[in-house]
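Undergrad: Data: my_file.tsv, TSV, C-alpha atoms.
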chain	number	residue	atom	x	y	z
X	15	MET	CA	-6.69	11.99	-29.57
X	16	ALA	CA	-4.86	12.94	-26.39
X	17	GLN	CA	-5.79	9.58	-24.95
X	18	HIS	CA	-4.30	7.85	-27.97
X	19	HIS	CA	-1.11	9.85	-27.59
X	20	ASN	CA	-0.87	8.95	-23.92
X	21	MET	CA	-1.38	5.29	-24.68
X	22	ALA	CA	1.43	5.53	-27.20
X	23	GLU	CA	3.63	6.88	-24.43
X	24	LEU	CA	2.75	3.92	-22.22
X	25	GLU	CA	3.41	1.54	-25.08
X	26	ARG	CA	6.80	3.06	-25.67
X	27	ALA	CA	7.74	2.96	-22.00
X	28	TRP	CA	6.48	-0.57	-21.46
X	29	THR	CA	8.17	-1.93	-24.55
X	30	GLY	CA	11.41	-0.30	-23.47
X	31	ILE	CA	11.58	-1.79	-19.99
X	32	ALA	CA	9.52	-4.99	-20.19
X	33	GLY	CA	12.63	-7.16	-20.44
X	34	ARG	CA	14.20	-5.53	-17.40
X	35	LEU	CA	10.93	-5.74	-15.51
X	36	ARG	CA	10.86	-9.46	-16.11
X	37	ALA	CA	14.48	-9.80	-15.00
X	38	TYR	CA	13.58	-7.96	-11.82
X	39	PHE	CA	10.63	-10.25	-11.19
X	40	VAL	CA	12.78	-13.30	-11.89
X	41	CYS	CA	15.19	-12.07	-9.28
X	42	ARG	CA	12.42	-11.38	-6.76
X	43	ALA	CA	10.18	-14.39	-7.24
X	44	GLY	CA	11.91	-16.89	-9.49
X	45	PRO	CA	11.29	-17.71	-13.14
X	46	THR	CA	8.08	-19.61	-12.44
X	47	ASP	CA	6.22	-16.67	-10.95
X	48	ALA	CA	7.97	-13.93	-12.87
X	49	ASP	CA	5.61	-14.00	-15.84
X	50	ASP	CA	2.57	-13.87	-13.56
X	51	LEU	CA	3.99	-10.87	-11.75
X	52	LEU	CA	4.77	-9.21	-15.05
X	53	GLN	CA	1.19	-9.67	-16.21
X	54	ASP	CA	-0.07	-8.41	-12.87
X	55	CYS	CA	2.15	-5.36	-13.18
X	56	PHE	CA	0.87	-4.70	-16.69
X	57	LEU	CA	-2.75	-4.95	-15.61
X	58	ARG	CA	-2.12	-2.59	-12.71
X	59	ALA	CA	-0.48	-0.12	-15.05
X	60	MET	CA	-3.37	-0.29	-17.50
X	61	GLY	CA	-5.89	0.06	-14.71
X	62	SER	CA	-4.34	3.20	-13.26
X	63	TRP	CA	-3.01	4.73	-16.45
X	64	ASN	CA	-5.81	7.26	-16.78
X	65	GLY	CA	-5.03	8.58	-13.33
X	66	PHE	CA	-1.34	8.98	-14.10
X	67	ALA	CA	-1.12	9.99	-17.76
X	68	GLY	CA	0.92	13.12	-18.18
X	69	ARG	CA	2.13	13.32	-14.58
X	70	GLY	CA	5.84	12.65	-14.44
X	71	ARG	CA	8.07	10.09	-16.01
X	72	CYS	CA	6.32	7.00	-17.25
X	73	GLU	CA	9.23	4.61	-16.68
X	74	GLY	CA	9.61	5.61	-13.04
X	75	TRP	CA	5.89	5.16	-12.54
X	76	LEU	CA	6.08	1.67	-14.05
X	77	TRP	CA	8.96	0.75	-11.77
X	78	ARG	CA	7.02	1.92	-8.74
X	79	ILE	CA	4.15	-0.33	-9.79
X	80	ALA	CA	6.59	-3.19	-10.29
X	81	VAL	CA	8.04	-2.76	-6.82
X	82	ARG	CA	4.57	-2.72	-5.29
X	83	THR	CA	3.58	-5.77	-7.30
X	84	ALA	CA	6.60	-7.71	-6.08
X	85	ALA	CA	6.06	-6.55	-2.52
X	86	ASP	CA	2.42	-7.66	-2.58
X	87	ALA	CA	3.40	-11.05	-3.99
X	88	TYR	CA	6.05	-11.35	-1.28
X	89	ARG	CA	3.45	-10.69	1.41
X	90	ARG	CA	1.00	-13.15	-0.13
X	91	ARG	CA	3.49	-15.96	-0.53
X	92	PRO	CA	2.47	-19.23	1.11
X	93	ARG	CA	3.74	-19.99	4.56
X	94	GLY	CA	7.08	-21.69	4.46
X	95	THR	CA	8.08	-20.30	1.09
X	96	ALA	CA	11.65	-19.10	0.91
X	97	PRO	CA	11.90	-15.31	0.78
X	98	TRP	CA	14.40	-15.52	-2.05
X	99	PRO	CA	13.95	-17.78	-5.06
X	100	ASP	CA	16.26	-20.76	-5.07
X	101	GLY	CA	14.62	-23.07	-7.56
X	102	PHE	CA	16.61	-21.93	-10.54
X	103	ASP	CA	18.21	-24.07	-13.11
X	104	PRO	CA	21.98	-24.13	-12.83
X	105	PRO	CA	23.15	-20.75	-14.03
X	106	ALA	CA	25.21	-20.40	-17.12
X	107	PRO	CA	28.85	-19.62	-16.46
X	108	PRO	CA	29.45	-15.89	-16.45
X	109	ALA	CA	31.20	-14.32	-19.36
X	110	ASP	CA	34.16	-13.30	-17.29
X	111	ALA	CA	34.49	-16.60	-15.45
X	112	ASP	CA	38.22	-16.22	-15.18
X	113	ALA	CA	37.90	-12.88	-13.48
X	114	LEU	CA	35.28	-14.27	-11.14
X	115	ALA	CA	37.47	-17.23	-10.29
X	116	ALA	CA	40.36	-14.89	-9.67
X	117	ASP	CA	38.20	-12.80	-7.37
X	118	ALA	CA	37.00	-15.92	-5.61
X	119	GLY	CA	40.54	-17.08	-5.09
X	120	ARG	CA	41.51	-13.77	-3.58
X	121	ASP	CA	38.44	-13.19	-1.42
X	122	GLY	CA	37.67	-16.71	-0.23
X	123	PRO	CA	37.46	-20.29	-1.35
X	124	GLY	CA	33.65	-20.45	-1.55
X	125	ALA	CA	33.10	-17.38	-3.64
X	126	THR	CA	31.00	-18.89	-6.39
X	127	ALA	CA	27.93	-17.47	-8.03
X	128	ASP	CA	25.69	-19.89	-6.18
X	129	ALA	CA	27.18	-18.99	-2.84
X	130	VAL	CA	26.86	-15.30	-3.59
X	131	TRP	CA	23.25	-15.81	-4.64
X	132	ALA	CA	22.53	-17.66	-1.40
X	133	ALA	CA	24.22	-14.92	0.58
X	134	VAL	CA	22.13	-12.29	-1.17
X	135	GLY	CA	19.03	-14.29	-0.28
X	136	ARG	CA	19.85	-13.97	3.41
X	137	LEU	CA	20.00	-10.18	3.33
X	138	ASP	CA	17.32	-7.97	4.81
X	139	PRO	CA	14.39	-7.36	2.44
X	140	PRO	CA	15.24	-3.67	1.76
X	141	GLN	CA	18.81	-4.63	0.87
X	142	ARG	CA	17.63	-7.49	-1.37
X	143	GLU	CA	15.27	-5.06	-3.07
X	144	VAL	CA	18.09	-2.67	-3.88
X	145	MET	CA	20.29	-5.52	-5.09
X	146	ALA	CA	17.56	-6.78	-7.41
X	147	LEU	CA	16.85	-3.34	-8.83
X	148	ARG	CA	20.53	-2.62	-9.28
X	149	PHE	CA	21.89	-5.89	-10.62
X	150	ALA	CA	18.89	-7.61	-12.20
X	151	ALA	CA	17.09	-4.57	-13.56
X	152	GLY	CA	20.18	-2.46	-14.09
X	153	LEU	CA	18.71	0.72	-12.64
X	154	SER	CA	20.85	3.66	-11.59
X	155	TYR	CA	20.89	5.00	-8.05
X	156	ALA	CA	18.47	7.77	-9.02
X	157	GLU	CA	16.07	5.37	-10.73
X	158	ILE	CA	16.10	3.04	-7.72
X	159	ALA	CA	15.45	5.98	-5.42
X	160	ASP	CA	12.52	6.99	-7.60
X	161	ALA	CA	11.10	3.47	-7.66
X	162	LEU	CA	11.41	3.01	-3.91
X	163	ASP	CA	10.52	6.62	-3.05
X	164	VAL	CA	13.59	7.04	-0.89
X	165	PRO	CA	16.57	9.42	-1.13
X	166	VAL	CA	19.50	8.50	-3.33
X	167	GLY	CA	21.72	8.42	-0.24
X	168	THR	CA	19.54	5.72	1.24
X	169	VAL	CA	19.89	3.62	-1.88
X	170	ARG	CA	23.66	4.05	-1.82
X	171	SER	CA	23.81	3.17	1.85
X	172	ARG	CA	21.64	0.06	1.48
X	173	LEU	CA	23.62	-1.15	-1.49
X	174	HIS	CA	26.89	-0.65	0.33
X	175	ARG	CA	25.70	-2.51	3.41
X	176	ALA	CA	24.32	-5.32	1.27
X	177	ILE	CA	27.53	-5.81	-0.66
X	178	ALA	CA	29.63	-5.59	2.47
X	179	THR	CA	27.43	-8.17	4.16
X	180	VAL	CA	27.71	-10.55	1.21
X	181	ARG	CA	31.46	-10.08	1.16
X	182	ASP	CA	31.74	-10.81	4.86
X	183	ARG	CA	29.56	-13.90	4.54
X	184	MET	CA	31.65	-15.15	1.68
X	185	ARG	CA	34.67	-14.91	3.92
X	186	SER	CA	32.96	-16.84	6.72
X	187	PRO	CA	29.95	-18.65	5.23
X	188	ASP	CA	28.74	-20.09	8.54
X	189	ASP	CA	28.03	-16.68	10.06
X	190	GLY	CA	24.70	-14.98	9.91
X	191	PRO	CA	21.14	-16.27	9.87
B	28	MET	CA	39.16	8.94	4.76
B	29	ASP	CA	37.30	6.40	6.84
B	30	ARG	CA	36.68	2.87	5.63
B	31	ASP	CA	32.95	3.24	4.95
B	32	ALA	CA	33.39	6.34	2.83
B	33	LEU	CA	36.19	4.68	0.88
B	34	GLU	CA	34.13	1.54	0.29
B	35	ARG	CA	31.17	3.58	-0.94
B	36	LEU	CA	33.36	5.50	-3.34
B	37	ALA	CA	34.84	2.23	-4.60
B	38	MET	CA	31.35	0.81	-5.03
B	39	ASP	CA	30.27	3.91	-6.95
B	40	ARG	CA	33.32	3.61	-9.19
B	41	ALA	CA	32.66	-0.06	-9.89
B	42	GLY	CA	29.07	0.75	-10.77
B	43	GLY	CA	29.90	3.72	-12.95
B	44	GLU	CA	28.11	6.15	-10.64
B	45	LEU	CA	31.17	8.29	-9.96
B	46	ASP	CA	31.74	11.36	-12.10
B	47	ALA	CA	35.07	11.90	-13.79
B	48	ASP	CA	36.41	14.47	-11.35
B	49	ALA	CA	35.63	12.38	-8.30
B	50	GLU	CA	37.09	9.32	-9.95
B	51	ALA	CA	40.33	11.15	-10.68
B	52	LEU	CA	40.54	12.34	-7.10
B	53	LEU	CA	39.89	8.83	-5.83
B	54	ALA	CA	42.57	7.40	-8.09
B	55	ALA	CA	45.07	9.96	-6.85
B	56	TYR	CA	44.23	9.16	-3.25
B	57	LEU	CA	44.51	5.43	-3.79
B	58	ALA	CA	47.87	5.86	-5.51
B	59	GLU	CA	49.28	7.31	-2.31
B	60	HIS	CA	47.60	4.92	0.15
B	61	PRO	CA	48.25	1.22	-0.45
B	62	GLU	CA	46.01	0.12	2.40
B	63	ALA	CA	43.10	2.13	1.00
B	64	ARG	CA	43.85	0.69	-2.43
B	65	ARG	CA	43.49	-2.82	-1.03
B	66	THR	CA	40.20	-1.93	0.67
B	67	ALA	CA	38.84	-0.41	-2.52
B	68	ALA	CA	39.89	-3.44	-4.54
B	69	GLU	CA	38.07	-5.75	-2.14
B	70	MET	CA	34.92	-3.70	-2.38
B	71	GLU	CA	35.02	-3.55	-6.15
B	72	SER	CA	35.60	-7.29	-6.27
B	73	ALA	CA	32.59	-7.90	-4.02
B	74	TYR	CA	30.54	-5.59	-6.19
B	75	ARG	CA	31.44	-7.54	-9.33
B	76	GLN	CA	30.71	-10.84	-7.64
B	77	CYS	CA	27.22	-9.75	-6.64
B	78	ARG	CA	26.55	-8.28	-10.06
B	79	ASP	CA	27.73	-11.36	-11.93
B	80	ALA	CA	25.96	-13.82	-9.62
B	81	ILE	CA	22.60	-12.09	-9.97
B	82	ALA	CA	22.98	-11.40	-13.66
B	83	SER	CA	23.94	-15.00	-14.41
B	84	ARG	CA	20.93	-16.30	-12.48
B	85	VAL	CA	18.55	-13.99	-14.28
B	86	GLU	CA	20.04	-14.82	-17.64
B	87	ALA	CA	19.79	-18.52	-16.90
B	88	ALA	CA	16.09	-18.11	-16.22
B	89	GLY	CA	15.63	-16.63	-19.66
B	90	THR	CA	14.46	-13.20	-20.54
B	91	ALA	CA	12.58	-14.13	-23.67
B	92	SER	CA	8.92	-13.45	-24.26
B	93	PRO	CA	8.42	-10.42	-22.09
B	94	ALA	CA	4.73	-9.98	-21.68
B	95	ARG	CA	3.34	-7.26	-23.87
B	96	PRO	CA	0.33	-6.87	-26.08
B	97	ALA	CA	0.81	-8.50	-29.44
B	98	GLY	CA	-0.61	-7.47	-32.77
B	99	PRO	CA	-0.82	-4.12	-34.54
B	100	HIS	CA	-4.11	-3.08	-32.95
B	101	ALA	CA	-3.55	-4.47	-29.46
B	102	TRP	CA	-2.70	-1.15	-27.87
B	103	SER	CA	-5.66	0.56	-29.49
B	104	VAL	CA	-7.97	-2.09	-28.08
B	105	LEU	CA	-6.41	-1.72	-24.65
B	106	ALA	CA	-6.71	2.04	-24.88
B	107	ALA	CA	-10.40	1.77	-25.64
B	108	ALA	CA	-10.89	-0.72	-22.83
B	109	SER	CA	-9.10	1.42	-20.30
B	110	ARG	CA	-10.88	4.64	-21.25
B	111	PRO	CA	-13.28	5.71	-18.50
B	112	ARG	CA	-16.84	5.07	-19.52
B	113	ARG	CA	-19.09	8.10	-19.53
B	114	ARG	CA	-22.56	7.58	-18.21
B	115	SER	CA	-25.00	8.99	-20.71
B	116	VAL	CA	-27.76	11.43	-19.82
B	117	GLY	CA	-30.33	8.92	-21.02
B	118	ARG	CA	-29.11	6.39	-18.49
B	119	TRP	CA	-29.45	8.90	-15.68
B	120	LEU	CA	-32.93	9.87	-16.90
B	121	ALA	CA	-33.97	6.23	-16.96
B	122	ARG	CA	-32.80	5.83	-13.37
B	123	ALA	CA	-34.66	8.96	-12.29
B	124	ALA	CA	-37.82	7.73	-14.02
B	125	ALA	CA	-37.53	4.40	-12.24
B	126	VAL	CA	-37.21	6.12	-8.87
B	127	LEU	CA	-40.20	8.36	-9.63
B	128	ALA	CA	-42.25	5.36	-10.72
B	129	ILE	CA	-41.50	3.56	-7.46
B	130	LEU	CA	-42.40	6.62	-5.42
B	131	GLY	CA	-45.62	7.12	-7.40
B	132	LEU	CA	-46.57	3.50	-6.97
B	133	GLY	CA	-46.09	3.78	-3.23
B	134	ALA	CA	-48.09	7.00	-2.98
B	135	GLY	CA	-50.94	5.61	-5.09
B	136	GLY	CA	-51.09	2.43	-3.09
B	137	GLY	CA	-51.23	4.38	0.13
B	138	TRP	CA	-54.01	6.60	-1.19
B	139	TRP	CA	-56.00	3.60	-2.34
B	140	LEU	CA	-55.63	1.83	0.96
B	141	GLY	CA	-56.70	5.00	2.78
B	142	ARG	CA	-59.96	5.04	0.86
B	143	GLN	CA	-60.87	1.56	1.94
B	144	LYS	CA	-63.46	1.18	4.72
B	145	GLY	CA	-61.89	0.67	8.09
B	146	PRO	CA	-62.79	-2.13	10.51
B	147	GLU	CA	-66.30	-2.28	11.93
B	148	THR	CA	-66.76	-0.43	15.23
B	149	VAL	CA	-68.60	-2.03	18.08
B	150	GLN	CA	-71.60	-0.11	19.37
B	151	LEU	CA	-71.95	-0.36	23.10
B	152	PRO	CA	-75.39	-0.48	24.63
B	153	PRO	CA	-76.59	2.91	25.95
B	154	GLY	CA	-75.68	3.75	29.49
B	155	ARG	CA	-72.67	1.50	29.58
B	156	PRO	CA	-69.39	3.39	29.91
B	157	ALA	CA	-66.74	2.65	27.32
B	158	VAL	CA	-64.16	2.25	30.03
B	159	ALA	CA	-64.87	0.44	33.18
B	160	GLN	CA	-64.69	2.78	36.12
B	161	ALA	CA	-62.29	1.87	38.77
B	162	ASP	CA	-63.76	0.90	42.02
B	163	GLU	CA	-62.70	2.42	45.25
B	164	ALA	CA	-60.56	-0.45	46.31
B	165	PRO	CA	-57.41	0.51	44.43
B	166	LEU	CA	-57.49	3.98	45.92
B	167	ASP	CA	-57.68	2.45	49.34
B	168	ARG	CA	-54.50	0.60	48.65
B	169	LEU	CA	-52.62	3.84	47.97
B	170	GLY	CA	-50.85	5.77	50.60
B	171	PRO	CA	-52.24	9.03	51.85
B	172	PHE	CA	-50.00	11.16	49.64
B	173	TRP	CA	-50.95	9.48	46.38
B	174	ARG	CA	-54.56	9.18	47.44
B	175	GLU	CA	-54.67	12.97	47.81
B	176	LYS	CA	-53.02	13.44	44.42
B	177	VAL	CA	-55.47	11.13	42.67
B	178	ALA	CA	-58.39	12.79	44.39
B	179	THR	CA	-57.13	16.17	43.24
B	180	LEU	CA	-56.89	14.97	39.66
B	181	LEU	CA	-60.34	13.40	39.71
B	182	GLU	CA	-61.88	16.58	41.12
B	183	GLY	CA	-60.19	18.70	38.48
B	184	ARG	CA	-58.44	20.93	40.92
B	185	PRO	CA	-55.17	22.31	39.76
B	186	ALA	CA	-52.22	20.99	41.63
B	187	ALA	CA	-50.45	23.41	43.87
B	188	PRO	CA	-47.50	24.89	41.94
B	189	ALA	CA	-44.08	24.02	43.16
B	190	PRO	CA	-42.32	26.90	44.84
B	191	ALA	CA	-40.04	28.55	42.31
B	192	ARG	CA	-36.49	29.19	43.26
B	193	ALA	CA	-35.00	32.40	42.03
B	194	PRO	CA	-31.80	31.89	40.01
B	195	ARG	CA	-28.70	33.12	41.65
B	196	GLY	CA	-26.83	35.85	39.87
B	197	ASP	CA	-23.41	34.30	39.90
B	198	ARG	CA	-24.61	30.82	38.86
B	199	PRO	CA	-27.77	31.14	36.74
B	200	TRP	CA	-27.83	27.40	36.15
B	201	SER	CA	-27.90	26.56	39.84
B	202	ASN	CA	-31.69	26.27	39.91
B	203	LEU	CA	-31.33	23.25	37.66
B	204	LEU	CA	-29.52	21.41	40.39
B	205	PRO	CA	-31.32	19.70	43.24
B	206	PRO	CA	-31.10	21.68	46.46
B	207	ASP	CA	-28.64	19.29	48.03
B	208	LYS	CA	-26.31	19.56	45.00
B	209	GLU	CA	-26.14	23.32	44.83
B	210	THR	CA	-22.95	23.45	46.78
B	211	ILE	CA	-21.14	21.28	44.29
B	212	ARG	CA	-18.93	23.30	42.09
Would you write the structure of this file as structure tokens?

TA:
Amino acid sequence: MAQHHNMAELERAWTGIAGRLRAYFVCRAGPTDADDLLQDCFLRAMGSWNGFAGRGRCEGWLWRIAVRTAADAYRRRPRGTAPWPDGFDPPAPPADADALAADAGRDGPGATADAVWAAVGRLDPPQREVMALRFAAGLSYAEIADALDVPVGTVRSRLHRAIATVRDRMRSPDDGP
Amino acid sequence: MDRDALERLAMDRAGGELDADAEALLAAYLAEHPEARRTAAEMESAYRQCRDAIASRVEAAGTASPARPAGPHAWSVLAAASRPRRRSVGRWLARAAAVLAILGLGAGGGWWLGRQKGPETVQLPPGRPAVAQADEAPLDRLGPFWREKVATLLEGRPAAPAPARAPRGDRPWSNLLPPDKETIR
């Protein structure tokens, strides 16, 4: 009976964050591999559920598994594969396109979503990880810190450096690796 | 306030991570410092650009069909599949019986083989020694020291005991060392 209750807890947690998990995997590996990573994450969670059940917050545990799943896939990627997915279909225009255009006009002529995405792809892996968890998965600082097992201050610092780096590269796109 | 701290506060405000009190203090500070206001606006703009760029890419890829078990009984089936299997007592007893059977088979086979008649022994004719005695020639080839030792053994005389060295009080292990190594500390 307790087992059934615990499985209900996993079901509730998984159903609640599955969409955001997929968005995170899309951001990390592209839409083609995202579903595979999501299935892999689910199988890992099911396989280790009996060792976790009842110990802590289920959502944070699932995010930790997701981060490990993405990191393992990143390490196993074929040689020559780009570290950041770039094979997307053209993105839909953002809802606040006018605001984005206004920002682009103020901050630099090349400030488009594609250029920002490319600039994010050239960040260091820890900074990309924080960007994906923050902007694709929509996690808070505390949730990111829990998923990455780092202090909240580290998350804040990485996010700040990442955004500042993207901003600087948008000003001078030829700089950087 | 230095630039990094201001940018982080602006980033927190753009992301909704700043509490109301801190946000009010930041707004008051920015109202009095135009340069800081410009820096904060740049940071918030960069934050929104990153957020919108990533969100639009993810949305373009589609978020439909998140993988999850389908059907009303799917989770029950998964729960049963993930439950740790308990090994029954009968299974352990069967394994123990198999081990005992193997051991018994080995012991019985050994006992049966031990009862079998061994190989035929060869009877030597009377008066012929089982082992050929060595002639004198090999002894002649030995040096005088070893010739004396062999003669002593053949005559059954006990060998002269080696002179015992009394252990020294300060180093009781010194008698284990050869005489020329005793001075080594």

Undergrad: Of the residues B:Asp46, B:Asp29, B:Glu71, B:Glu59, which is the one nearest to chain X, using all atoms listed in the file?

TA: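 Distance minimum relative to chain X lands on B:Glu71.
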
Undergrad: Give me, as a list in words, the residues of chain B touching chain X, with the criterion being at most 6 Å (counting all atoms listed in the file).

TA: Ala73, Arg78, Ala80, Ala82, Ser83, Arg84, Val85, Ala87, Ala88 and Pro93 of chain B

Undergrad: What does the structure give for the distance between atom CA of Arg35 of chain B and atom CA of Ala159 of chain X, in Å to one decimal?

TA: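 Distance between the two atoms: 16.5 Å.
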
Undergrad: Could you state the separation of atom CA of Arg82 of chain X and atom CA of Cys77 of chain B in Å, given to one decimal place?

TA: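 Taking atom CA of Arg82 of chain X and atom CA of Cys77 of chain B, their separation equals 23.8 Å.
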
Undergrad: So what do you get for atom CA of Glu34 of chain B versus atom CA of Trp77 of chain X, distance-wise?

TA: 27.9 Å
